[in-house]
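Quick notes on the structure that follows.
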Amino acid sequence: MNSKLYGNLIFELSHPGRRAYSLPKNRFGCHTIPPSLRREKDAELPECDEMTVVRHYTNLSENNFGVDNGFYPLGSCTMKYNPTINEEIATLPSFTNLHPEQPEETVQGALEVEYGLQQALASITGMDDVTLNPYAGAHGELTGLMIIRSYHQSRGDNRRTKVIVPDSAHGTNPASAAVCGLEVVEVKSTPEGLVDVNDLKPLLGDDVAAMMMTNPNTLGLFEKDIPEIAELVHACGGLMYYDGANLNPLLGTARPGDMGFDVIHLNLHKTFSTPHGGGGPGAGPVGVRKMLIPFLPKPHVIKTEGRFMVEQPRQEDTYSVENNRVSSYLGNFLVILRAYTYILTLGKEHIKEVGPLATLNANYIKECLKDDYELPIEGLCKHEFVFNGLKDKTTGITTMDVAKRLLDYGYHAPTIYFPLLFHEAMMIEPTENESKDTIDGFVRVMHLIAKEARETPDLVKGAPHNTPIGRVDDVLAAKHPVLTYRQLLNDTQSESGA
Ligand SMILES: *Cc1c(COP(=O)(O)O)cnc(C)c1O
């Protein structure tokens with residue numbers, strides 16, 4: 001254990017009487033808190049000097065791995081660089097000090113940001129209008145499905161309860177459909193990793209509300225049959241839903257609206273460079289075709305006679321499907337602001353380079369490594385691809401071992417054991433930002449690990465060796481989470497090393 005990197009808890013560094021603060025003189029007189037509200041005993045807070053506090057938290061922050069520390073090829077998560085200018089704009093007091101209940105005429109600038117992003121995303125995706133209200137990708141999916149359901153119901157088409165989801169879909173797709181009260185029907189993939197049109201046909205009928213698709217799909221493959229699929233689904237009266245969490249490969253090359261999709265959600269916290277991980281905050285805007293605009297949730301920003309206005313929901317305080325309200329206000333404004341900054345920084349011309357570069361980087365890594373790693377589906381990929389473990393199956397080295405060994409070399413592991421179509425899946429997504437040097441460095445290390453797997457497998461099996469913590473027992477952590485400090489102290493004494 002590296003004691004510098006993985007130090008004590010701040011409570012363990014405490015010494016009674018040490019101080020790292022001095023309070024200013026009280027200029028306001030004395031306020032007494034009623035005895036019934038006062039503690040009986042002082043709170044047990046850590047008492048440390050300033051340097052100890054600074055070093056403790058600085059060292060903790062260095063234990064974190066982020067895009068700013070190193071290469072982070074986490075497939076399906078689009079860990080792209082979040083330009084610092086986004087952060088700078090998002091900390092401007094003229095934005096951060098706004099209150100959501102302020103009158104429209106005092107927040108025209110903020111409303112212009114919202115409106116501008118609605119327009120930009122509509123134009124990037126080929127949709128007619130966009131809501132920025134949803135707080136995450138999954139929330140966008142739920143919103144999109146609610147819109148679809150409201151649309152069918154408004155036409156008296158109440159039998160449509162089925163949502164078709166490919167077996168390669170992100171887990172949130174079936175989950176969102178279920179939460180929306182719809183029935184999930186799975187469609188299989190062909191051995192080439194694409195939606196099986198022959199498996200799809202018998203599932204279609206007048207009970208289908210929608211088909212949810214990701215394109216390129218979770219294997220990083222472009223669904224080339226998409227025009228036929230859209231036609232089949234539309235012919236039976238269903239709508240096409242596009243999971244655009246990872247729109248990166250399409251930026252500048254293709255638009256879901258042109259492929260026949262009616263509803264789409266995006267993850268601003270993936271494709272549009274706002275930081276993610278750790279559960280938020282995020283934003284999952286939803287775009288729709290013209291006939292669905294009346295079902296978009298509110299509040300929604302519109303522009304009339306050069307001024308920005310907010311269309312409010314019918315009943316101010318009700319969250320419901322009928323009311324089409326999915327958020328308290330206009331969405332996660334500072335996430336929206338970062339995404340808009342990103343789009344304006346790149347501009348129409350440079351945003352077109354994102355998709356092709358992300359695709360080039362992924363294909364380059366795939367081709368460089370396929371002699372050592374099993375590539376179950378040959379051919380061109382888009383922004384990401386999947387290996388099925390090491391090619392040499394005799395070493396006994398698993399995808400988990402490779403992922404752990406990568407940490408020793410200073411790289412974040414790819415997404416592993418997802419998608420579920422292969423047993424040893426390793427999903428690699430480099431994004432467009434990485435230089436050839438960085439990518440070549442990663443390729444070298446992946447080759448080196450394959451060599452170690454053959455020659456010194458125990459070294460790989462025992463990895464990581466250089467990180468503050470070795471392999472954690474994630475099952476134990478999930479089954480017996482230790483959530484309090486006191487318990488942690490007792491438990492680490494009895495289960496040291498756990
Ligand atoms: C990340 C992701 C989602 C879910 O997004 P959240 O913001 O985590 O809810 C949905 N679909 C795909 C394909 C994703 O990669």
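Each chain of the structure tokens is named A, B, ... in the order shown, its residues numbered from 1; ligands are numbered from 1 in display order.
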
DSSP on the backbone: what in stretch 107-297 of chain A comes out strand (DSSP E), as a ChimeraX atom specification?
/A:129-131,162-166,183-187,208-213,239-244,263-266,286-288

Need the shell around stretch 189-194 of chain A: protein/DNA/RNA residues with any atom at most 9 Å away, counting only C-alpha atoms. Skip same-chain ones fewer than 6 positions apart. Format as a PyMOL selection string?
chain A and resi 166-168+217+219+221-225+376-378+421

Give the helix (DSSP H, G or I) residues of stretch 31-192 of chain A, as DSSP finds them on the backbone, and put them as a PyMOL selection string.
chain A and resi 35-37+50-62+84-90+93-96+104-106+108-125+137-154+172-179

Surroundings of ligand 1 up to 9 Å, based on only C-alpha atoms and all ligand atoms, as a PyMOL selection string
chain A and resi 75-78+135-141+169-173+214+217-218+243-246+265-270+276-277+279-284

What would the file look like if the residues just selected were written as a short mmCIF file (atom, residue, chain, number, x, y, z; two decimals), in the first residue's frame with N, CA and C atoms?
data_model
loop_
_atom_site.label_atom_id
_atom_site.label_comp_id
_atom_site.auth_asym_id
_atom_site.auth_seq_id
_atom_site.Cartn_x
_atom_site.Cartn_y
_atom_site.Cartn_z
N GLY A 75 -15.33 2.20 -23.57
CA GLY A 75 -16.35 2.08 -24.62
C GLY A 75 -17.75 2.37 -24.12
N SER A 76 -18.56 2.94 -25.00
CA SER A 76 -19.94 3.32 -24.74
C SER A 76 -20.05 4.50 -23.77
N CYS A 77 -18.95 5.00 -23.29
CA CYS A 77 -19.03 6.09 -22.32
C CYS A 77 -18.48 7.41 -22.87
N THR A 78 -17.82 7.35 -24.01
CA THR A 78 -17.28 8.54 -24.65
C THR A 78 -16.59 9.48 -23.67
N TYR A 135 -32.65 15.08 -17.31
CA TYR A 135 -31.41 15.22 -16.55
C TYR A 135 -30.37 14.14 -16.85
N ALA A 136 -30.68 13.17 -17.69
CA ALA A 136 -29.74 12.09 -17.98
C ALA A 136 -30.20 11.37 -19.24
N GLY A 137 -29.34 10.48 -19.74
CA GLY A 137 -29.71 9.70 -20.91
C GLY A 137 -30.95 8.87 -20.67
N ALA A 138 -30.94 8.13 -19.56
CA ALA A 138 -32.09 7.28 -19.26
C ALA A 138 -33.37 8.11 -19.07
N HIS A 139 -33.21 9.29 -18.49
CA HIS A 139 -34.36 10.18 -18.31
C HIS A 139 -34.88 10.65 -19.68
N GLY A 140 -33.95 10.87 -20.61
CA GLY A 140 -34.34 11.23 -21.97
C GLY A 140 -35.11 10.10 -22.64
N GLU A 141 -34.63 8.87 -22.42
CA GLU A 141 -35.33 7.71 -22.99
C GLU A 141 -36.77 7.65 -22.47
N ALA A 169 -28.71 -3.87 -27.09
CA ALA A 169 -28.98 -2.51 -26.60
C ALA A 169 -28.37 -2.25 -25.23
N HIS A 170 -28.16 -0.99 -24.94
CA HIS A 170 -27.76 -0.55 -23.61
C HIS A 170 -28.88 -0.91 -22.64
N GLY A 171 -28.50 -1.33 -21.44
CA GLY A 171 -29.49 -1.80 -20.47
C GLY A 171 -30.57 -0.80 -20.13
N THR A 172 -30.27 0.50 -20.30
CA THR A 172 -31.29 1.49 -19.95
C THR A 172 -32.47 1.44 -20.91
N ASN A 173 -32.29 0.93 -22.14
CA ASN A 173 -33.40 0.92 -23.11
C ASN A 173 -34.57 0.08 -22.62
N THR A 214 -29.84 1.83 -31.51
CA THR A 214 -28.61 2.60 -31.33
C THR A 214 -27.83 2.39 -32.63
N ASN A 217 -24.40 0.69 -33.41
CA ASN A 217 -24.89 -0.02 -32.24
C ASN A 217 -23.79 -0.21 -31.20
N THR A 218 -24.12 -0.95 -30.16
CA THR A 218 -23.19 -1.08 -29.02
C THR A 218 -21.91 -1.80 -29.41
N ASP A 243 -31.38 5.92 -29.77
CA ASP A 243 -30.55 6.16 -28.58
C ASP A 243 -29.27 6.83 -29.05
N GLY A 244 -29.22 8.14 -28.86
CA GLY A 244 -28.08 8.92 -29.36
C GLY A 244 -27.11 9.32 -28.25
N ALA A 245 -27.06 8.49 -27.17
CA ALA A 245 -26.11 8.79 -26.09
C ALA A 245 -24.71 8.98 -26.67
N ASN A 246 -24.39 8.09 -27.62
CA ASN A 246 -23.06 8.14 -28.23
C ASN A 246 -23.17 8.59 -29.68
N HIS A 265 -32.76 10.70 -28.23
CA HIS A 265 -32.18 11.39 -27.06
C HIS A 265 -30.66 11.45 -27.24
N LEU A 266 -30.06 12.45 -26.64
CA LEU A 266 -28.60 12.62 -26.69
C LEU A 266 -28.09 12.68 -25.26
N ASN A 267 -26.84 12.31 -25.06
CA ASN A 267 -26.21 12.55 -23.77
C ASN A 267 -25.22 13.69 -23.94
N LEU A 268 -25.58 14.86 -23.42
CA LEU A 268 -24.63 15.98 -23.51
C LEU A 268 -23.37 15.62 -22.74
N HIS A 269 -23.52 14.81 -21.67
CA HIS A 269 -22.38 14.41 -20.85
C HIS A 269 -21.60 13.27 -21.47
N LYS A 270 -21.79 12.97 -22.71
CA LYS A 270 -20.87 12.08 -23.41
C LYS A 270 -20.42 12.80 -24.67
N HIS A 276 -18.54 13.72 -16.99
CA HIS A 276 -19.48 12.79 -16.40
C HIS A 276 -18.74 11.71 -15.62
N GLY A 277 -19.52 10.89 -14.97
CA GLY A 277 -18.98 9.90 -14.05
C GLY A 277 -19.45 10.28 -12.66
N GLY A 279 -22.19 9.77 -11.37
CA GLY A 279 -23.63 9.93 -11.23
C GLY A 279 -24.18 11.30 -11.55
N GLY A 280 -23.41 12.16 -12.16
CA GLY A 280 -24.05 13.39 -12.62
C GLY A 280 -23.29 14.63 -12.23
N PRO A 281 -23.81 15.82 -12.54
CA PRO A 281 -25.05 16.06 -13.26
C PRO A 281 -24.87 15.82 -14.76
N GLY A 282 -25.97 15.50 -15.42
CA GLY A 282 -25.91 15.27 -16.85
C GLY A 282 -27.07 15.98 -17.53
N ALA A 283 -27.26 15.66 -18.81
CA ALA A 283 -28.41 16.18 -19.54
C ALA A 283 -28.71 15.25 -20.71
N GLY A 284 -29.97 14.91 -20.86
CA GLY A 284 -30.38 13.98 -21.92
C GLY A 284 -31.46 14.58 -22.81
#

Closest contacts (stretch 25-131 of chain A/stretch 397-410 of chain A, max 12 Å, only C-alpha atoms) as JSON lines:
{"residue": "A:Asn63", "atom": "CA", "partner": "A:Gly410", "partner_atom": "CA", "distance": 11.8}
{"residue": "A:Asn64", "atom": "CA", "partner": "A:Gly410", "partner_atom": "CA", "distance": 11.7}
{"residue": "A:Phe65", "atom": "CA", "partner": "A:Gly410", "partner_atom": "CA", "distance": 9.1}
{"residue": "A:Gly66", "atom": "CA", "partner": "A:Gly410", "partner_atom": "CA", "distance": 11.0}
{"residue": "A:Val67", "atom": "CA", "partner": "A:Gly410", "partner_atom": "CA", "distance": 11.8}
{"residue": "A:Asn69", "atom": "CA", "partner": "A:Gly410", "partner_atom": "CA", "distance": 8.9}
{"residue": "A:Gly70", "atom": "CA", "partner": "A:Gly410", "partner_atom": "CA", "distance": 7.0}
{"residue": "A:Phe71", "atom": "CA", "partner": "A:Gly410", "partner_atom": "CA", "distance": 8.1}
{"residue": "A:Tyr72", "atom": "CA", "partner": "A:Gly410", "partner_atom": "CA", "distance": 9.8}
{"residue": "A:Pro73", "atom": "CA", "partner": "A:Leu406", "partner_atom": "CA", "distance": 11.1}
{"residue": "A:Leu74", "atom": "CA", "partner": "A:Ala403", "partner_atom": "CA", "distance": 10.9}

Tell me which of A:Val53, A:Ala477, A:Ala425, A:Val310 sits closest to A:Glu101, counting only C-alpha atoms.
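Between A:Val53, A:Ala477, A:Ala425, A:Val310, the residue approaching A:Glu101 most closely is A:Val310.
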
Shell around A:Gly287 at 12 Å using only C-alpha atoms, local window under 2 positions removed, as a VMD selection string:
chain A and resid 117 to 134 140 to 141 143 to 145 147 to 148 241 to 244 255 to 257 261 to 267 284 to 285 289 to 293 295 to 297

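Using only C-alpha atoms, the residues found no farther than 10 Å from A:Glu105, other than those of its own chain fewer than 6 positions away, are Leu111, Arg307, Phe308 and Met309 of chain A.
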
Any chance you could export the current selection's N, CA and C atoms as a compact mmCIF listing (two decimals), in the first residue's frame?
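Full text of result_39.txt as output:
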# COMPACT_ATOMS: atom_id res chain seq x y z
N LEU A 111 -31.79 32.32 -21.63
CA LEU A 111 -32.80 31.71 -22.50
C LEU A 111 -32.26 31.59 -23.93
N ARG A 307 -37.56 38.03 -29.09
CA ARG A 307 -37.43 37.84 -27.64
C ARG A 307 -37.62 36.37 -27.29
N PHE A 308 -36.96 35.96 -26.19
CA PHE A 308 -37.05 34.57 -25.77
C PHE A 308 -38.10 34.45 -24.68
N MET A 309 -38.96 33.45 -24.82
CA MET A 309 -40.03 33.26 -23.85
C MET A 309 -40.06 31.80 -23.42

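Straight-line separation from atom CA of A:Asp68 to atom CA of A:Ser273: 12.7 Å.
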
Show me, as a PDB file with N, CA and C atoms, in the first residue's frame, the residues that have an atom within 12 Å of A:Lys391 when counting only C-alpha atoms, minus same-chain residues fewer than 3 positions from it.
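Contents of result33.pdb, as written:
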ATOM      1  N   LEU A 369      -4.142  -4.149 -33.037  1.00  0.00           N
ATOM      2  CA  LEU A 369      -4.155  -5.117 -31.932  1.00  0.00           C
ATOM      3  C   LEU A 369      -4.779  -6.458 -32.283  1.00  0.00           C
ATOM      4  N   LYS A 370      -5.356  -6.574 -33.478  1.00  0.00           N
ATOM      5  CA  LYS A 370      -6.142  -7.796 -33.712  1.00  0.00           C
ATOM      6  C   LYS A 370      -5.278  -9.042 -33.881  1.00  0.00           C
ATOM      7  N   ASP A 371      -3.944  -8.878 -33.967  1.00  0.00           N
ATOM      8  CA  ASP A 371      -3.101 -10.073 -33.990  1.00  0.00           C
ATOM      9  C   ASP A 371      -2.995 -10.691 -32.595  1.00  0.00           C
ATOM     10  N   ASP A 372      -3.153  -9.879 -31.548  1.00  0.00           N
ATOM     11  CA  ASP A 372      -3.038 -10.390 -30.177  1.00  0.00           C
ATOM     12  C   ASP A 372      -4.387 -10.563 -29.478  1.00  0.00           C
ATOM     13  N   TYR A 373      -5.403  -9.849 -29.933  1.00  0.00           N
ATOM     14  CA  TYR A 373      -6.708  -9.918 -29.274  1.00  0.00           C
ATOM     15  C   TYR A 373      -7.752 -10.424 -30.262  1.00  0.00           C
ATOM     16  N   GLU A 374      -8.685 -11.231 -29.765  1.00  0.00           N
ATOM     17  CA  GLU A 374      -9.668 -11.850 -30.657  1.00  0.00           C
ATOM     18  C   GLU A 374     -10.700 -10.821 -31.096  1.00  0.00           C
ATOM     19  N   LEU A 375     -10.795 -10.647 -32.392  1.00  0.00           N
ATOM     20  CA  LEU A 375     -11.766  -9.714 -32.954  1.00  0.00           C
ATOM     21  C   LEU A 375     -12.931 -10.533 -33.494  1.00  0.00           C
ATOM     22  N   PRO A 376     -14.051 -10.611 -32.762  1.00  0.00           N
ATOM     23  CA  PRO A 376     -15.118 -11.521 -33.188  1.00  0.00           C
ATOM     24  C   PRO A 376     -15.834 -11.040 -34.448  1.00  0.00           C
ATOM     25  N   PHE A 387     -13.305  -6.433 -28.550  1.00  0.00           N
ATOM     26  CA  PHE A 387     -12.484  -7.642 -28.597  1.00  0.00           C
ATOM     27  C   PHE A 387     -13.117  -8.660 -27.668  1.00  0.00           C
ATOM     28  N   ASN A 388     -12.862  -9.948 -27.968  1.00  0.00           N
ATOM     29  CA  ASN A 388     -13.323 -10.991 -27.063  1.00  0.00           C
ATOM     30  C   ASN A 388     -12.107 -11.618 -26.385  1.00  0.00           C
ATOM     31  N   THR A 394      -4.982 -20.111 -24.478  1.00  0.00           N
ATOM     32  CA  THR A 394      -4.333 -21.102 -23.607  1.00  0.00           C
ATOM     33  C   THR A 394      -3.654 -20.451 -22.398  1.00  0.00           C
ATOM     34  N   THR A 395      -3.591 -19.128 -22.361  1.00  0.00           N
ATOM     35  CA  THR A 395      -2.822 -18.471 -21.296  1.00  0.00           C
ATOM     36  C   THR A 395      -3.563 -18.447 -19.968  1.00  0.00           C
ATOM     37  N   GLY A 396      -4.879 -18.595 -19.993  1.00  0.00           N
ATOM     38  CA  GLY A 396      -5.665 -18.501 -18.763  1.00  0.00           C
ATOM     39  C   GLY A 396      -5.883 -17.063 -18.311  1.00  0.00           C
ATOM     40  N   ILE A 397      -5.426 -16.120 -19.115  1.00  0.00           N
ATOM     41  CA  ILE A 397      -5.569 -14.705 -18.749  1.00  0.00           C
ATOM     42  C   ILE A 397      -6.913 -14.188 -19.252  1.00  0.00           C
ATOM     43  N   THR A 398      -7.685 -13.609 -18.349  1.00  0.00           N
ATOM     44  CA  THR A 398      -9.021 -13.128 -18.705  1.00  0.00           C
ATOM     45  C   THR A 398      -8.993 -11.639 -19.051  1.00  0.00           C
ATOM     46  N   THR A 399     -10.128 -11.187 -19.554  1.00  0.00           N
ATOM     47  CA  THR A 399     -10.290  -9.759 -19.836  1.00  0.00           C
ATOM     48  C   THR A 399     -10.103  -8.939 -18.561  1.00  0.00           C
ATOM     49  N   GLU A 424     -15.884 -12.560 -23.086  1.00  0.00           N
ATOM     50  CA  GLU A 424     -14.713 -11.836 -22.578  1.00  0.00           C
ATOM     51  C   GLU A 424     -14.644 -10.437 -23.189  1.00  0.00           C
ATOM     52  N   HIS A 447       0.086  -4.758 -26.452  1.00  0.00           N
ATOM     53  CA  HIS A 447       0.931  -5.837 -26.983  1.00  0.00           C
ATOM     54  C   HIS A 447       1.798  -6.422 -25.880  1.00  0.00           C
ATOM     55  N   ALA A 450      -0.128  -8.727 -23.712  1.00  0.00           N
ATOM     56  CA  ALA A 450      -0.353 -10.009 -24.394  1.00  0.00           C
ATOM     57  C   ALA A 450       0.908 -10.873 -24.290  1.00  0.00           C
ATOM     58  N   LYS A 451       2.060 -10.242 -24.377  1.00  0.00           N
ATOM     59  CA  LYS A 451       3.336 -10.965 -24.263  1.00  0.00           C
ATOM     60  C   LYS A 451       3.510 -11.481 -22.827  1.00  0.00           C
ATOM     61  N   ALA A 453       1.180 -12.184 -20.827  1.00  0.00           N
ATOM     62  CA  ALA A 453       0.194 -13.253 -20.633  1.00  0.00           C
ATOM     63  C   ALA A 453       0.791 -14.602 -21.050  1.00  0.00           C
ATOM     64  N   ARG A 454       1.598 -14.571 -22.098  1.00  0.00           N
ATOM     65  CA  ARG A 454       2.220 -15.817 -22.576  1.00  0.00           C
ATOM     66  C   ARG A 454       3.402 -16.208 -21.706  1.00  0.00           C
TER      67      ARG A 454
END

Near A:Asn158, within 10 Å and counting only C-alpha atoms, which residues show up once chain neighbours fewer than 4 positions away are dropped, as a PyMOL selection string?
chain A and resi 149-154+206-207+209
